[in-house]
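Encoded as structure tokens, the structure appears first; notes follow it.
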Amino acid sequence: MILTGLAFVFLLLLSLLAVFGYKVLGDKGPEAAEKTRCSVCRQPFGKEELLVRQVGDHKLMYFCRGCVLGLWSDLGMKN
Ligand SMILES: [Zn+2]
């Protein structure tokens, strides 16, 4: 009887872990999908962290803060 009870608790714990793990993965899924890569360094960022510029008719380019600052300092060195 004690063994059956232990097995039941173990199974319950396992299924709880499975549900919890699935939830964590489910929460991470959409967030990861919303990440956009910077057009310069290819690092993934949230869209609100990126500067968006349209190039040509439909191509959008995304720039992260680091790359914008890098480009800005490059421009400063030229002038
Ligand atoms: Zn970048």
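Just remember, in the structure tokens the first chain shown is A, the second B, etc., residues are 1-based per chain, and ligands are 1-based in the order shown.
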With 9 Å as the cut-off and only C-alpha atoms and all ligand atoms counted, what is the closest atom pair between each nearby residue of chain A and ligand 1? Distances in Å to one decimal, ordered by chain and number, as JSON lines.
{"residue": "A:Arg37", "atom": "CA", "partner": "ligand 1", "partner_atom_place_in_ligand_line": "1 (Zn)", "distance": 7.8}
{"residue": "A:Cys38", "atom": "CA", "partner": "ligand 1", "partner_atom_place_in_ligand_line": "1 (Zn)", "distance": 4.6}
{"residue": "A:Ser39", "atom": "CA", "partner": "ligand 1", "partner_atom_place_in_ligand_line": "1 (Zn)", "distance": 6.5}
{"residue": "A:Val40", "atom": "CA", "partner": "ligand 1", "partner_atom_place_in_ligand_line": "1 (Zn)", "distance": 4.9}
{"residue": "A:Cys41", "atom": "CA", "partner": "ligand 1", "partner_atom_place_in_ligand_line": "1 (Zn)", "distance": 4.1}
{"residue": "A:Arg42", "atom": "CA", "partner": "ligand 1", "partner_atom_place_in_ligand_line": "1 (Zn)", "distance": 6.2}
{"residue": "A:Gln43", "atom": "CA", "partner": "ligand 1", "partner_atom_place_in_ligand_line": "1 (Zn)", "distance": 6.1}
{"residue": "A:Pro44", "atom": "CA", "partner": "ligand 1", "partner_atom_place_in_ligand_line": "1 (Zn)", "distance": 8.5}
{"residue": "A:Phe45", "atom": "CA", "partner": "ligand 1", "partner_atom_place_in_ligand_line": "1 (Zn)", "distance": 8.8}
{"residue": "A:Leu50", "atom": "CA", "partner": "ligand 1", "partner_atom_place_in_ligand_line": "1 (Zn)", "distance": 8.5}
{"residue": "A:Tyr62", "atom": "CA", "partner": "ligand 1", "partner_atom_place_in_ligand_line": "1 (Zn)", "distance": 7.9}
{"residue": "A:Phe63", "atom": "CA", "partner": "ligand 1", "partner_atom_place_in_ligand_line": "1 (Zn)", "distance": 5.4}
{"residue": "A:Cys64", "atom": "CA", "partner": "ligand 1", "partner_atom_place_in_ligand_line": "1 (Zn)", "distance": 4.3}
{"residue": "A:Arg65", "atom": "CA", "partner": "ligand 1", "partner_atom_place_in_ligand_line": "1 (Zn)", "distance": 6.8}
{"residue": "A:Gly66", "atom": "CA", "partner": "ligand 1", "partner_atom_place_in_ligand_line": "1 (Zn)", "distance": 5.8}
{"residue": "A:Cys67", "atom": "CA", "partner": "ligand 1", "partner_atom_place_in_ligand_line": "1 (Zn)", "distance": 4.3}
{"residue": "A:Val68", "atom": "CA", "partner": "ligand 1", "partner_atom_place_in_ligand_line": "1 (Zn)", "distance": 7.3}
{"residue": "A:Gly70", "atom": "CA", "partner": "ligand 1", "partner_atom_place_in_ligand_line": "1 (Zn)", "distance": 8.9}
So that I have them on file, write out the residues from the current selection with N, CA and C atoms, as a CSV table (one decimal), in the first residue's frame.
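Result file is selection_37.csv:
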chain,number,residue,atom,x,y,z
A,37,ARG,N,15.8,40.3,-35.7
A,37,ARG,CA,17.2,40.4,-35.7
A,37,ARG,C,17.6,41.8,-36.3
A,38,CYS,N,18.7,42.3,-35.6
A,38,CYS,CA,19.3,43.6,-36.1
A,38,CYS,C,19.9,43.3,-37.5
A,39,SER,N,19.7,44.2,-38.4
A,39,SER,CA,20.2,44.0,-39.8
A,39,SER,C,21.7,44.0,-39.9
A,40,VAL,N,22.3,44.6,-38.9
A,40,VAL,CA,23.8,44.8,-38.9
A,40,VAL,C,24.5,43.6,-38.2
A,41,CYS,N,24.1,43.5,-36.9
A,41,CYS,CA,24.9,42.5,-36.1
A,41,CYS,C,24.1,41.1,-36.0
A,42,ARG,N,22.9,41.0,-36.4
A,42,ARG,CA,22.1,39.8,-36.5
A,42,ARG,C,21.7,39.3,-35.1
A,43,GLN,N,21.8,40.1,-34.0
A,43,GLN,CA,21.4,39.7,-32.7
A,43,GLN,C,19.9,39.9,-32.6
A,44,PRO,N,19.2,39.0,-31.9
A,44,PRO,CA,17.8,39.1,-31.7
A,44,PRO,C,17.4,40.1,-30.7
A,45,PHE,N,16.5,41.0,-31.0
A,45,PHE,CA,16.0,42.0,-30.0
A,45,PHE,C,14.5,42.1,-30.1
A,50,LEU,N,14.4,48.2,-31.3
A,50,LEU,CA,15.1,48.4,-32.6
A,50,LEU,C,14.6,49.7,-33.3
A,62,TYR,N,16.4,46.8,-39.6
A,62,TYR,CA,16.3,47.1,-38.1
A,62,TYR,C,17.7,47.3,-37.6
A,63,PHE,N,17.8,48.3,-36.7
A,63,PHE,CA,19.1,48.6,-36.2
A,63,PHE,C,19.0,48.6,-34.6
A,64,CYS,N,19.9,47.9,-34.0
A,64,CYS,CA,19.9,47.9,-32.5
A,64,CYS,C,20.7,49.2,-32.0
A,65,ARG,N,20.5,49.5,-30.7
A,65,ARG,CA,21.2,50.6,-30.2
A,65,ARG,C,22.7,50.6,-30.3
A,66,GLY,N,23.2,49.4,-30.1
A,66,GLY,CA,24.7,49.3,-30.2
A,66,GLY,C,25.2,49.6,-31.6
A,67,CYS,N,24.5,49.1,-32.6
A,67,CYS,CA,24.9,49.3,-34.0
A,67,CYS,C,24.7,50.8,-34.4
A,68,VAL,N,23.6,51.4,-33.9
A,68,VAL,CA,23.4,52.8,-34.2
A,68,VAL,C,24.5,53.6,-33.6
A,70,GLY,N,27.5,52.6,-32.9
A,70,GLY,CA,28.7,52.3,-33.6
A,70,GLY,C,28.8,53.0,-34.9
So that I can check the secondary structure, give me every residue of region 3-74 of chain A assigned strand (DSSP E) by backbone DSSP, as a PyMOL selection string. chain A and resi 36-37+44-45+51-55+59-63
Calculate how many Å separate CA of Val52 (chain A) from CA of Leu69 (chain A), rounding to one decimal.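 Taking CA of Val52 (chain A) as the start and CA of Leu69 (chain A) as the end point, the length is 14.6 Å.
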